[in-house]
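**Student:** Just so it is clear, I am handing over coords-v4.cif, which has mmCIF, N, CA and C atoms.
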```
data_target
#
loop_
_atom_site.label_atom_id
_atom_site.label_comp_id
_atom_site.auth_asym_id
_atom_site.auth_seq_id
_atom_site.Cartn_x
_atom_site.Cartn_y
_atom_site.Cartn_z
N MET A 723 182.73 163.23 137.45
CA MET A 723 183.08 162.41 136.31
C MET A 723 182.75 160.94 136.63
N LYS A 724 182.22 160.24 135.64
CA LYS A 724 181.88 158.84 135.80
C LYS A 724 182.64 158.00 134.78
N ALA A 725 182.88 156.78 135.14
CA ALA A 725 183.52 155.82 134.23
C ALA A 725 182.57 154.64 134.05
N ALA A 726 182.57 154.09 132.87
CA ALA A 726 181.72 152.95 132.59
C ALA A 726 182.47 151.65 132.87
N TYR A 727 181.75 150.71 133.44
CA TYR A 727 182.30 149.38 133.73
C TYR A 727 181.31 148.34 133.24
N VAL A 728 181.82 147.20 132.91
CA VAL A 728 180.96 146.07 132.60
C VAL A 728 181.14 145.05 133.72
N GLU A 729 180.03 144.51 134.17
CA GLU A 729 180.07 143.52 135.24
C GLU A 729 179.55 142.20 134.66
N PHE A 730 180.32 141.15 134.82
CA PHE A 730 179.95 139.84 134.33
C PHE A 730 179.58 138.94 135.50
N LYS A 731 178.62 138.08 135.26
CA LYS A 731 178.32 137.03 136.22
C LYS A 731 178.62 135.73 135.49
N ILE A 732 179.52 134.94 136.02
CA ILE A 732 179.88 133.68 135.38
C ILE A 732 179.69 132.53 136.36
N GLU A 733 179.52 131.36 135.82
CA GLU A 733 179.44 130.15 136.64
C GLU A 733 180.54 129.21 136.17
N VAL A 734 181.31 128.70 137.10
CA VAL A 734 182.39 127.76 136.79
C VAL A 734 182.15 126.51 137.63
N PRO A 735 182.03 125.36 136.98
CA PRO A 735 181.86 124.13 137.78
C PRO A 735 183.06 123.88 138.66
N LEU A 736 182.83 123.50 139.90
CA LEU A 736 183.95 123.25 140.82
C LEU A 736 184.66 121.94 140.52
N ASN A 737 183.92 120.89 140.22
CA ASN A 737 184.54 119.59 139.90
C ASN A 737 185.70 119.25 140.83
N VAL A 738 185.43 119.25 142.12
CA VAL A 738 186.46 118.95 143.12
C VAL A 738 186.79 117.46 143.05
N THR A 739 188.08 117.17 142.81
CA THR A 739 188.52 115.77 142.73
C THR A 739 189.87 115.62 143.42
N GLY A 740 190.21 114.39 143.73
CA GLY A 740 191.53 114.08 144.27
C GLY A 740 191.84 114.80 145.57
N ASP A 741 193.04 115.39 145.63
CA ASP A 741 193.52 116.04 146.85
C ASP A 741 192.97 117.44 147.06
N LEU A 742 192.32 118.00 146.05
CA LEU A 742 191.81 119.37 146.18
C LEU A 742 190.54 119.40 147.02
N ASN A 743 190.43 120.41 147.86
CA ASN A 743 189.16 120.65 148.55
C ASN A 743 188.51 121.85 147.87
N THR A 744 187.31 122.20 148.30
CA THR A 744 186.57 123.28 147.66
C THR A 744 187.35 124.59 147.68
N GLY A 745 187.94 124.93 148.82
CA GLY A 745 188.70 126.17 148.93
C GLY A 745 189.88 126.22 147.97
N SER A 746 190.60 125.11 147.86
CA SER A 746 191.74 125.04 146.95
C SER A 746 191.30 125.17 145.51
N LYS A 747 190.19 124.54 145.18
CA LYS A 747 189.69 124.61 143.80
C LYS A 747 189.26 126.04 143.47
N ILE A 748 188.60 126.73 144.42
CA ILE A 748 188.21 128.12 144.19
C ILE A 748 189.45 128.98 143.98
N ASP A 749 190.48 128.78 144.78
CA ASP A 749 191.73 129.53 144.61
C ASP A 749 192.35 129.27 143.24
N GLU A 750 192.31 128.03 142.80
CA GLU A 750 192.85 127.66 141.49
C GLU A 750 192.09 128.38 140.37
N ILE A 751 190.77 128.37 140.46
CA ILE A 751 189.94 129.03 139.44
C ILE A 751 190.18 130.54 139.47
N GLN A 752 190.21 131.11 140.67
CA GLN A 752 190.40 132.55 140.80
C GLN A 752 191.76 132.97 140.22
N SER A 753 192.81 132.21 140.48
CA SER A 753 194.14 132.52 139.94
C SER A 753 194.13 132.48 138.41
N ALA A 754 193.47 131.48 137.85
CA ALA A 754 193.39 131.36 136.39
C ALA A 754 192.64 132.55 135.79
N LEU A 755 191.54 132.95 136.43
CA LEU A 755 190.77 134.10 135.93
C LEU A 755 191.57 135.39 136.05
N GLU A 756 192.27 135.56 137.16
CA GLU A 756 193.04 136.79 137.37
C GLU A 756 194.12 136.98 136.31
N GLU A 757 194.69 135.88 135.79
CA GLU A 757 195.70 135.99 134.73
C GLU A 757 195.12 136.68 133.50
N TYR A 758 193.86 136.39 133.21
CA TYR A 758 193.20 137.02 132.07
C TYR A 758 192.74 138.44 132.39
N LEU A 759 192.46 138.71 133.64
CA LEU A 759 191.90 140.00 134.03
C LEU A 759 192.95 141.10 134.21
N ILE A 760 194.15 140.73 134.59
CA ILE A 760 195.20 141.73 134.87
C ILE A 760 195.42 142.68 133.69
N PRO A 761 195.59 142.20 132.45
CA PRO A 761 195.80 143.14 131.34
C PRO A 761 194.60 144.07 131.10
N LEU A 762 193.44 143.68 131.58
CA LEU A 762 192.24 144.50 131.40
C LEU A 762 192.03 145.48 132.55
N ASP A 763 192.94 145.47 133.52
CA ASP A 763 192.81 146.27 134.73
C ASP A 763 191.48 145.95 135.43
N ALA A 764 191.17 144.67 135.47
CA ALA A 764 189.91 144.21 136.07
C ALA A 764 190.22 143.40 137.32
N GLU A 765 189.21 143.25 138.13
CA GLU A 765 189.39 142.48 139.36
C GLU A 765 188.14 141.66 139.66
N ILE A 766 188.34 140.60 140.41
CA ILE A 766 187.22 139.78 140.88
C ILE A 766 186.71 140.44 142.15
N LEU A 767 185.45 140.83 142.14
CA LEU A 767 184.87 141.56 143.27
C LEU A 767 184.36 140.63 144.36
N SER A 768 183.79 139.52 143.97
CA SER A 768 183.27 138.58 144.97
C SER A 768 183.00 137.25 144.29
N HIS A 769 182.70 136.27 145.10
CA HIS A 769 182.28 134.98 144.58
C HIS A 769 181.38 134.31 145.61
N SER A 770 180.61 133.37 145.14
CA SER A 770 179.76 132.58 146.04
C SER A 770 179.64 131.18 145.46
N ILE A 771 179.32 130.26 146.31
CA ILE A 771 179.14 128.88 145.88
C ILE A 771 177.64 128.62 145.78
N ILE A 772 177.21 128.14 144.63
CA ILE A 772 175.81 127.81 144.43
C ILE A 772 175.72 126.31 144.13
N SER A 773 174.55 125.79 144.27
CA SER A 773 174.33 124.38 144.02
C SER A 773 173.23 124.23 142.97
N LYS A 774 173.44 123.34 142.02
CA LYS A 774 172.44 123.07 140.99
C LYS A 774 172.27 121.57 140.87
N GLU A 775 171.04 121.15 140.66
CA GLU A 775 170.76 119.73 140.51
C GLU A 775 171.20 119.24 139.14
N ILE A 776 171.87 118.11 139.14
CA ILE A 776 172.28 117.47 137.89
C ILE A 776 171.09 116.63 137.42
N VAL A 777 170.65 116.87 136.17
CA VAL A 777 169.50 116.14 135.64
C VAL A 777 169.91 115.06 134.64
N TYR A 778 171.15 115.12 134.17
CA TYR A 778 171.59 114.15 133.18
C TYR A 778 173.12 114.06 133.21
N THR A 779 173.63 112.85 133.03
CA THR A 779 175.07 112.62 132.92
C THR A 779 175.31 111.75 131.69
N ASN A 780 176.20 112.19 130.81
CA ASN A 780 176.45 111.40 129.60
C ASN A 780 177.40 110.25 129.89
N PHE A 781 177.66 109.42 128.89
CA PHE A 781 178.49 108.22 129.10
C PHE A 781 179.93 108.55 129.46
N ARG A 782 180.38 109.76 129.21
CA ARG A 782 181.74 110.18 129.59
C ARG A 782 181.79 110.74 131.00
N GLY A 783 180.63 110.82 131.65
CA GLY A 783 180.58 111.32 133.02
C GLY A 783 180.37 112.82 133.12
N LYS A 784 180.17 113.50 131.99
CA LYS A 784 179.92 114.93 132.04
C LYS A 784 178.49 115.17 132.52
N ALA A 785 178.37 116.01 133.54
CA ALA A 785 177.06 116.28 134.15
C ALA A 785 176.44 117.54 133.55
N PHE A 786 175.11 117.53 133.43
CA PHE A 786 174.37 118.66 132.87
C PHE A 786 173.24 119.04 133.82
N THR A 787 173.07 120.35 134.02
CA THR A 787 171.97 120.87 134.82
C THR A 787 170.76 121.10 133.91
N ALA A 788 169.62 121.36 134.51
CA ALA A 788 168.41 121.65 133.73
C ALA A 788 168.64 122.88 132.86
N ASP A 789 169.30 123.90 133.39
CA ASP A 789 169.58 125.11 132.60
C ASP A 789 170.36 124.77 131.34
N GLN A 790 171.35 123.92 131.47
CA GLN A 790 172.15 123.54 130.30
C GLN A 790 171.32 122.74 129.31
N MET A 791 170.51 121.84 129.81
CA MET A 791 169.67 121.02 128.93
C MET A 791 168.66 121.90 128.19
N TYR A 792 168.04 122.84 128.92
CA TYR A 792 167.07 123.74 128.28
C TYR A 792 167.75 124.63 127.25
N SER A 793 169.02 124.94 127.44
CA SER A 793 169.75 125.73 126.46
C SER A 793 169.82 124.98 125.12
N PHE A 794 170.09 123.68 125.18
CA PHE A 794 170.11 122.86 123.96
C PHE A 794 168.71 122.80 123.34
N VAL A 795 167.69 122.63 124.18
CA VAL A 795 166.30 122.56 123.71
C VAL A 795 165.91 123.86 123.03
N ASN A 796 166.18 124.99 123.69
CA ASN A 796 165.83 126.30 123.11
C ASN A 796 166.51 126.50 121.77
N SER A 797 167.78 126.15 121.69
CA SER A 797 168.52 126.29 120.43
C SER A 797 167.88 125.47 119.32
N TRP A 798 167.53 124.23 119.64
CA TRP A 798 166.92 123.35 118.65
C TRP A 798 165.56 123.89 118.22
N MET A 799 164.76 124.35 119.18
CA MET A 799 163.42 124.85 118.86
C MET A 799 163.47 126.11 118.00
N GLU A 800 164.47 126.95 118.20
CA GLU A 800 164.60 128.17 117.39
C GLU A 800 164.88 127.85 115.93
N MET A 801 165.41 126.67 115.66
CA MET A 801 165.79 126.30 114.30
C MET A 801 164.81 125.34 113.62
N ASN A 802 163.78 124.92 114.34
CA ASN A 802 162.88 123.92 113.78
C ASN A 802 161.43 124.37 113.90
N GLU A 803 160.73 124.26 112.78
CA GLU A 803 159.29 124.54 112.77
C GLU A 803 158.55 123.28 113.21
N PRO A 804 157.43 123.42 113.83
CA PRO A 804 156.63 124.62 114.04
C PRO A 804 157.05 125.41 115.29
N PHE A 805 158.06 124.91 116.01
CA PHE A 805 158.44 125.52 117.29
C PHE A 805 158.99 126.93 117.14
N ALA A 806 159.71 127.19 116.06
CA ALA A 806 160.31 128.51 115.86
C ALA A 806 159.24 129.59 115.75
N SER A 807 158.04 129.21 115.33
CA SER A 807 156.94 130.18 115.18
C SER A 807 156.08 130.30 116.42
N MET A 808 156.34 129.50 117.43
CA MET A 808 155.51 129.51 118.64
C MET A 808 155.99 130.58 119.62
N ASN A 809 155.06 130.95 120.50
CA ASN A 809 155.42 131.84 121.61
C ASN A 809 154.46 131.61 122.77
N GLY A 810 154.74 132.21 123.89
CA GLY A 810 153.86 132.15 125.05
C GLY A 810 153.67 130.75 125.61
N THR A 811 152.45 130.48 126.03
CA THR A 811 152.10 129.22 126.68
C THR A 811 152.34 128.03 125.76
N LEU A 812 152.00 128.18 124.50
CA LEU A 812 152.20 127.08 123.54
C LEU A 812 153.69 126.74 123.42
N TYR A 813 154.54 127.76 123.35
CA TYR A 813 155.98 127.54 123.28
C TYR A 813 156.47 126.82 124.54
N ASN A 814 155.99 127.25 125.70
CA ASN A 814 156.41 126.62 126.95
C ASN A 814 155.95 125.17 127.05
N LEU A 815 154.74 124.88 126.59
CA LEU A 815 154.27 123.49 126.55
C LEU A 815 155.18 122.65 125.65
N ALA A 816 155.49 123.19 124.49
CA ALA A 816 156.36 122.48 123.55
C ALA A 816 157.75 122.28 124.14
N LYS A 817 158.27 123.30 124.80
CA LYS A 817 159.61 123.21 125.38
C LYS A 817 159.68 122.10 126.41
N GLU A 818 158.65 121.98 127.25
CA GLU A 818 158.62 120.91 128.25
C GLU A 818 158.58 119.54 127.58
N GLU A 819 157.80 119.42 126.52
CA GLU A 819 157.71 118.14 125.80
C GLU A 819 159.02 117.79 125.10
N VAL A 820 159.66 118.76 124.47
CA VAL A 820 160.93 118.51 123.79
C VAL A 820 161.99 118.12 124.82
N TYR A 821 162.01 118.83 125.96
CA TYR A 821 162.95 118.52 127.04
C TYR A 821 162.77 117.08 127.52
N SER A 822 161.54 116.71 127.78
CA SER A 822 161.24 115.36 128.24
C SER A 822 161.63 114.31 127.19
N THR A 823 161.33 114.59 125.94
CA THR A 823 161.67 113.69 124.85
C THR A 823 163.19 113.52 124.74
N LEU A 824 163.92 114.63 124.84
CA LEU A 824 165.37 114.58 124.74
C LEU A 824 165.96 113.73 125.87
N LEU A 825 165.50 113.96 127.10
CA LEU A 825 166.02 113.18 128.23
C LEU A 825 165.76 111.69 128.04
N THR A 826 164.62 111.36 127.46
CA THR A 826 164.26 109.96 127.24
C THR A 826 165.14 109.31 126.17
N LEU A 827 165.51 110.08 125.16
CA LEU A 827 166.23 109.51 124.01
C LEU A 827 167.75 109.46 124.15
N LEU A 828 168.33 110.27 125.00
CA LEU A 828 169.78 110.43 125.02
C LEU A 828 170.56 109.15 125.31
N ASP A 829 170.15 108.40 126.30
CA ASP A 829 170.79 107.11 126.60
C ASP A 829 172.31 107.20 126.65
N GLY A 830 172.82 108.19 127.38
CA GLY A 830 174.26 108.33 127.54
C GLY A 830 174.93 109.24 126.54
N GLY A 831 174.20 109.61 125.50
CA GLY A 831 174.77 110.48 124.47
C GLY A 831 174.91 111.92 124.95
N ASP A 832 175.51 112.73 124.12
CA ASP A 832 175.74 114.13 124.46
C ASP A 832 174.54 114.97 124.02
N PRO A 833 173.96 115.76 124.92
CA PRO A 833 172.78 116.56 124.56
C PRO A 833 173.08 117.64 123.52
N SER A 834 174.34 117.99 123.33
CA SER A 834 174.65 118.98 122.29
C SER A 834 174.38 118.42 120.90
N ALA A 835 174.22 117.11 120.80
CA ALA A 835 173.89 116.46 119.52
C ALA A 835 172.39 116.35 119.32
N ILE A 836 171.64 117.27 119.93
CA ILE A 836 170.17 117.25 119.85
C ILE A 836 169.69 117.26 118.39
N HIS A 837 170.43 117.95 117.52
CA HIS A 837 170.02 118.02 116.11
C HIS A 837 170.10 116.66 115.43
N ASP A 838 170.95 115.78 115.93
CA ASP A 838 171.04 114.43 115.39
C ASP A 838 170.08 113.48 116.10
N THR A 839 169.65 113.86 117.31
CA THR A 839 168.82 112.99 118.14
C THR A 839 167.35 113.09 117.78
N LEU A 840 166.86 114.32 117.58
CA LEU A 840 165.44 114.54 117.32
C LEU A 840 165.19 114.65 115.82
N ASN A 841 164.12 113.99 115.37
CA ASN A 841 163.78 114.02 113.95
C ASN A 841 162.30 114.39 113.77
N SER A 842 161.80 114.30 112.56
CA SER A 842 160.42 114.71 112.26
C SER A 842 159.39 113.86 113.01
N GLU A 843 159.71 112.61 113.26
CA GLU A 843 158.80 111.76 114.04
C GLU A 843 158.66 112.29 115.47
N HIS A 844 159.76 112.75 116.05
CA HIS A 844 159.71 113.31 117.39
C HIS A 844 158.93 114.62 117.41
N VAL A 845 159.06 115.41 116.35
CA VAL A 845 158.28 116.65 116.24
C VAL A 845 156.79 116.31 116.25
N SER A 846 156.40 115.31 115.48
CA SER A 846 154.99 114.89 115.44
C SER A 846 154.51 114.40 116.80
N ASN A 847 155.34 113.62 117.48
CA ASN A 847 154.97 113.13 118.81
C ASN A 847 154.80 114.27 119.80
N VAL A 848 155.70 115.26 119.75
CA VAL A 848 155.60 116.42 120.64
C VAL A 848 154.31 117.18 120.34
N MET A 849 154.01 117.39 119.07
CA MET A 849 152.79 118.12 118.71
C MET A 849 151.54 117.36 119.14
N ASP A 850 151.54 116.04 118.99
CA ASP A 850 150.40 115.23 119.44
C ASP A 850 150.21 115.37 120.95
N SER A 851 151.29 115.33 121.68
CA SER A 851 151.22 115.46 123.14
C SER A 851 150.68 116.83 123.55
N ILE A 852 151.15 117.87 122.87
CA ILE A 852 150.66 119.22 123.17
C ILE A 852 149.16 119.30 122.88
N ASN A 853 148.73 118.75 121.76
CA ASN A 853 147.30 118.78 121.40
C ASN A 853 146.46 118.05 122.44
N ARG A 854 146.95 116.92 122.95
CA ARG A 854 146.22 116.19 123.99
C ARG A 854 146.11 117.03 125.26
N LYS A 855 147.20 117.71 125.62
CA LYS A 855 147.17 118.57 126.81
C LYS A 855 146.18 119.72 126.64
N ILE A 856 146.19 120.32 125.47
CA ILE A 856 145.26 121.44 125.21
C ILE A 856 143.83 120.93 125.25
N ASP A 857 143.56 119.79 124.63
CA ASP A 857 142.21 119.20 124.66
C ASP A 857 141.77 118.93 126.10
N SER A 858 142.68 118.41 126.90
CA SER A 858 142.37 118.12 128.30
C SER A 858 142.04 119.40 129.07
N ILE A 859 142.82 120.43 128.85
CA ILE A 859 142.58 121.71 129.52
C ILE A 859 141.23 122.29 129.09
N LEU A 860 140.96 122.24 127.80
CA LEU A 860 139.70 122.78 127.29
C LEU A 860 138.49 122.00 127.80
N SER A 861 138.64 120.69 127.92
CA SER A 861 137.51 119.88 128.40
C SER A 861 137.22 120.15 129.88
N MET A 862 138.23 120.53 130.64
CA MET A 862 138.01 120.86 132.05
C MET A 862 137.34 122.22 132.20
N SER A 863 137.67 123.15 131.31
CA SER A 863 137.09 124.48 131.45
C SER A 863 135.73 124.62 130.77
N HIS A 864 135.39 123.70 129.89
CA HIS A 864 134.10 123.72 129.21
C HIS A 864 133.46 122.34 129.28
N PRO A 865 132.89 121.97 130.43
CA PRO A 865 132.31 120.63 130.52
C PRO A 865 131.11 120.48 129.57
N VAL A 866 130.99 119.27 129.07
CA VAL A 866 129.88 118.95 128.18
C VAL A 866 128.62 118.76 129.02
N ILE A 867 127.55 119.45 128.63
CA ILE A 867 126.27 119.35 129.36
C ILE A 867 125.28 118.60 128.48
N ASP A 868 124.70 117.55 129.04
CA ASP A 868 123.72 116.75 128.28
C ASP A 868 122.35 117.35 128.41
#
```
Would you mind writing the file's structure down as structure tokens?
**Tutor:**
Amino acid sequence: MKAAYVEFKIEVPLNVTGDLNTGSKIDEIQSALEEYLIPLDAEILSHSIISKEIVYTNFRGKAFTADQMYSFVNSWMEMNEPFASMNGTLYNLAKEEVYSTLLTLLDGGDPSAIHDTLNSEHVSNVMDSINRKIDSILSMSHPVID
């Protein structure tokens, strides 16, 4: 007989401050999680400490990793044309340009407000940049012969 289980992988920022050390903070987080898990007859099987580079910090001091920033970018692109219709290499080129544009424009603001930050002018700038990159790539692969 077999039983089905669901396994979750979660990430919780440590945010070690004051008198707490890393071990104490992990214990605090684990205790809080276990309170929710007990009624489910669930248990924490293991944990590990990972490190991620912070790419942006807003004016309130909240830090964001590249993964978090790309999450905002992906969400915005899914809701805005022409990006919503893109896929593959073109989508990835656009995503890098939107990411770069967002980091440039935020100036301490919250990246979750991307819908208020980026407008049609930024869409045009991103598309122009992508077109220049494509032209550059094509000119390298097909040199002009006189």
**Student:** Which residues in region 760-825 of chain A does DSSP call alpha helix (DSSP H)? List them as a PyMOL selection string.
**Tutor:** chain A and resi 788-801+810-825
**Student:** Hey, what comes out of the PyMOL selection byres (((chain A and resi 727 and name CA) around 12) and name CA) on this file? Could you write it as number ranges by chain?
**Tutor:** A: 724-726, 728-730, 762-765
**Student:** Just give me the gap between CA of Ala788 (chain A) and atom N of Ile776 (chain A) in Å, one decimal is fine.
**Tutor:** 7.3 Å
**Student:** What does the structure give for the distance between atom N of Asn796 (chain A) and atom N of Thr839 (chain A), in Å to one decimal?
**Tutor:**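 Atom-to-atom, atom N of Asn796 (chain A) and atom N of Thr839 (chain A) are spaced 13.3 Å apart.
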**Student:** Of the candidates A:Leu736, A:Met723, A:Ile859, A:Leu812, which shows the shortest atom-to-atom distance to Ile771 (chain A), using only C-alpha atoms?
**Tutor:**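 When distances to Ile771 (chain A) are compared using only C-alpha atoms, the smallest one comes from A:Leu736.
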**Student:** For a quick check of understanding, using only C-alpha atoms, which of A:His769, A:Leu840, A:Gly830, A:Glu775 has the smallest distance to Asn802 (chain A)?
**Tutor:**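 Ranked by minimum distance to Asn802 (chain A), first place goes to A:Leu840.
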**Student:** Quick one: everything within 7 Å of region 831-834 of chain A, counting only C-alpha atoms, minus sequence neighbours fewer than 6 positions away in the same chain. Send it as a ChimeraX atom specification.
**Tutor:** /A:780-781,791,794
**Student:** Please report, as number ranges by chain, each residue of chain A to which DSSP assigns strand (DSSP E or B) when run on this structure's backbone.
**Tutor:** A: 776-779, 785-787
**Student:** Rounded to one decimal, what separation in Å do you get between CA of Leu860 (chain A) and atom N of Leu815 (chain A)?
**Tutor:** 15.2 Å
**Student:** Of the residues A:Ile766, A:Val795, A:Ala816, A:Ile732, which is the one nearest to Ile856 (chain A), using only C-alpha atoms?
**Tutor:**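 Counting only C-alpha atoms, the residue closest to Ile856 (chain A) is A:Ala816.
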**Student:** Within 8 Å of Glu803 (chain A), counting all atoms listed in the file, which residues show up once you throw out same-chain ones fewer than 5 positions away? Write them as a list in words, please.
**Tutor:**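 Counting only the stated atoms, we get Trp798, Met808 and Val845 of chain A.
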**Student:** Would you save region 837-854 of chain A from the block above with N, CA and C atoms, as a PDB file, in the first residue's frame?
**Tutor:**
```
ATOM      1  N   HIS A 837       3.704  48.063 -12.888  1.00  0.00           N
ATOM      2  CA  HIS A 837       2.634  48.491 -13.790  1.00  0.00           C
ATOM      3  C   HIS A 837       2.470  50.007 -13.799  1.00  0.00           C
ATOM      4  N   ASP A 838       2.865  50.658 -12.721  1.00  0.00           N
ATOM      5  CA  ASP A 838       2.823  52.115 -12.663  1.00  0.00           C
ATOM      6  C   ASP A 838       4.127  52.736 -13.162  1.00  0.00           C
ATOM      7  N   THR A 839       5.196  51.945 -13.161  1.00  0.00           N
ATOM      8  CA  THR A 839       6.524  52.442 -13.515  1.00  0.00           C
ATOM      9  C   THR A 839       6.753  52.456 -15.016  1.00  0.00           C
ATOM     10  N   LEU A 840       6.361  51.373 -15.689  1.00  0.00           N
ATOM     11  CA  LEU A 840       6.611  51.243 -17.123  1.00  0.00           C
ATOM     12  C   LEU A 840       5.391  51.676 -17.919  1.00  0.00           C
ATOM     13  N   ASN A 841       5.641  52.440 -18.985  1.00  0.00           N
ATOM     14  CA  ASN A 841       4.544  52.912 -19.827  1.00  0.00           C
ATOM     15  C   ASN A 841       4.839  52.614 -21.296  1.00  0.00           C
ATOM     16  N   SER A 842       4.016  53.128 -22.193  1.00  0.00           N
ATOM     17  CA  SER A 842       4.160  52.830 -23.628  1.00  0.00           C
ATOM     18  C   SER A 842       5.486  53.340 -24.192  1.00  0.00           C
ATOM     19  N   GLU A 843       6.006  54.425 -23.646  1.00  0.00           N
ATOM     20  CA  GLU A 843       7.314  54.922 -24.096  1.00  0.00           C
ATOM     21  C   GLU A 843       8.414  53.912 -23.769  1.00  0.00           C
ATOM     22  N   HIS A 844       8.327  53.294 -22.598  1.00  0.00           N
ATOM     23  CA  HIS A 844       9.316  52.286 -22.225  1.00  0.00           C
ATOM     24  C   HIS A 844       9.195  51.046 -23.104  1.00  0.00           C
ATOM     25  N   VAL A 845       7.969  50.695 -23.473  1.00  0.00           N
ATOM     26  CA  VAL A 845       7.758  49.560 -24.386  1.00  0.00           C
ATOM     27  C   VAL A 845       8.455  49.853 -25.712  1.00  0.00           C
ATOM     28  N   SER A 846       8.284  51.060 -26.230  1.00  0.00           N
ATOM     29  CA  SER A 846       8.934  51.448 -27.492  1.00  0.00           C
ATOM     30  C   SER A 846      10.453  51.406 -27.370  1.00  0.00           C
ATOM     31  N   ASN A 847      10.979  51.901 -26.256  1.00  0.00           N
ATOM     32  CA  ASN A 847      12.428  51.882 -26.045  1.00  0.00           C
ATOM     33  C   ASN A 847      12.963  50.453 -25.983  1.00  0.00           C
ATOM     34  N   VAL A 848      12.240  49.566 -25.300  1.00  0.00           N
ATOM     35  CA  VAL A 848      12.650  48.161 -25.218  1.00  0.00           C
ATOM     36  C   VAL A 848      12.640  47.537 -26.605  1.00  0.00           C
ATOM     37  N   MET A 849      11.593  47.799 -27.377  1.00  0.00           N
ATOM     38  CA  MET A 849      11.510  47.225 -28.733  1.00  0.00           C
ATOM     39  C   MET A 849      12.620  47.768 -29.630  1.00  0.00           C
ATOM     40  N   ASP A 850      12.935  49.048 -29.518  1.00  0.00           N
ATOM     41  CA  ASP A 850      14.036  49.625 -30.292  1.00  0.00           C
ATOM     42  C   ASP A 850      15.359  48.959 -29.933  1.00  0.00           C
ATOM     43  N   SER A 851      15.586  48.743 -28.670  1.00  0.00           N
ATOM     44  CA  SER A 851      16.815  48.103 -28.213  1.00  0.00           C
ATOM     45  C   SER A 851      16.919  46.667 -28.735  1.00  0.00           C
ATOM     46  N   ILE A 852      15.808  45.948 -28.679  1.00  0.00           N
ATOM     47  CA  ILE A 852      15.798  44.571 -29.198  1.00  0.00           C
ATOM     48  C   ILE A 852      16.101  44.577 -30.695  1.00  0.00           C
ATOM     49  N   ASN A 853      15.493  45.487 -31.436  1.00  0.00           N
ATOM     50  CA  ASN A 853      15.731  45.568 -32.883  1.00  0.00           C
ATOM     51  C   ASN A 853      17.194  45.869 -33.184  1.00  0.00           C
ATOM     52  N   ARG A 854      17.820  46.748 -32.405  1.00  0.00           N
ATOM     53  CA  ARG A 854      19.244  47.041 -32.600  1.00  0.00           C
ATOM     54  C   ARG A 854      20.091  45.800 -32.342  1.00  0.00           C
TER      55      ARG A 854
END
```
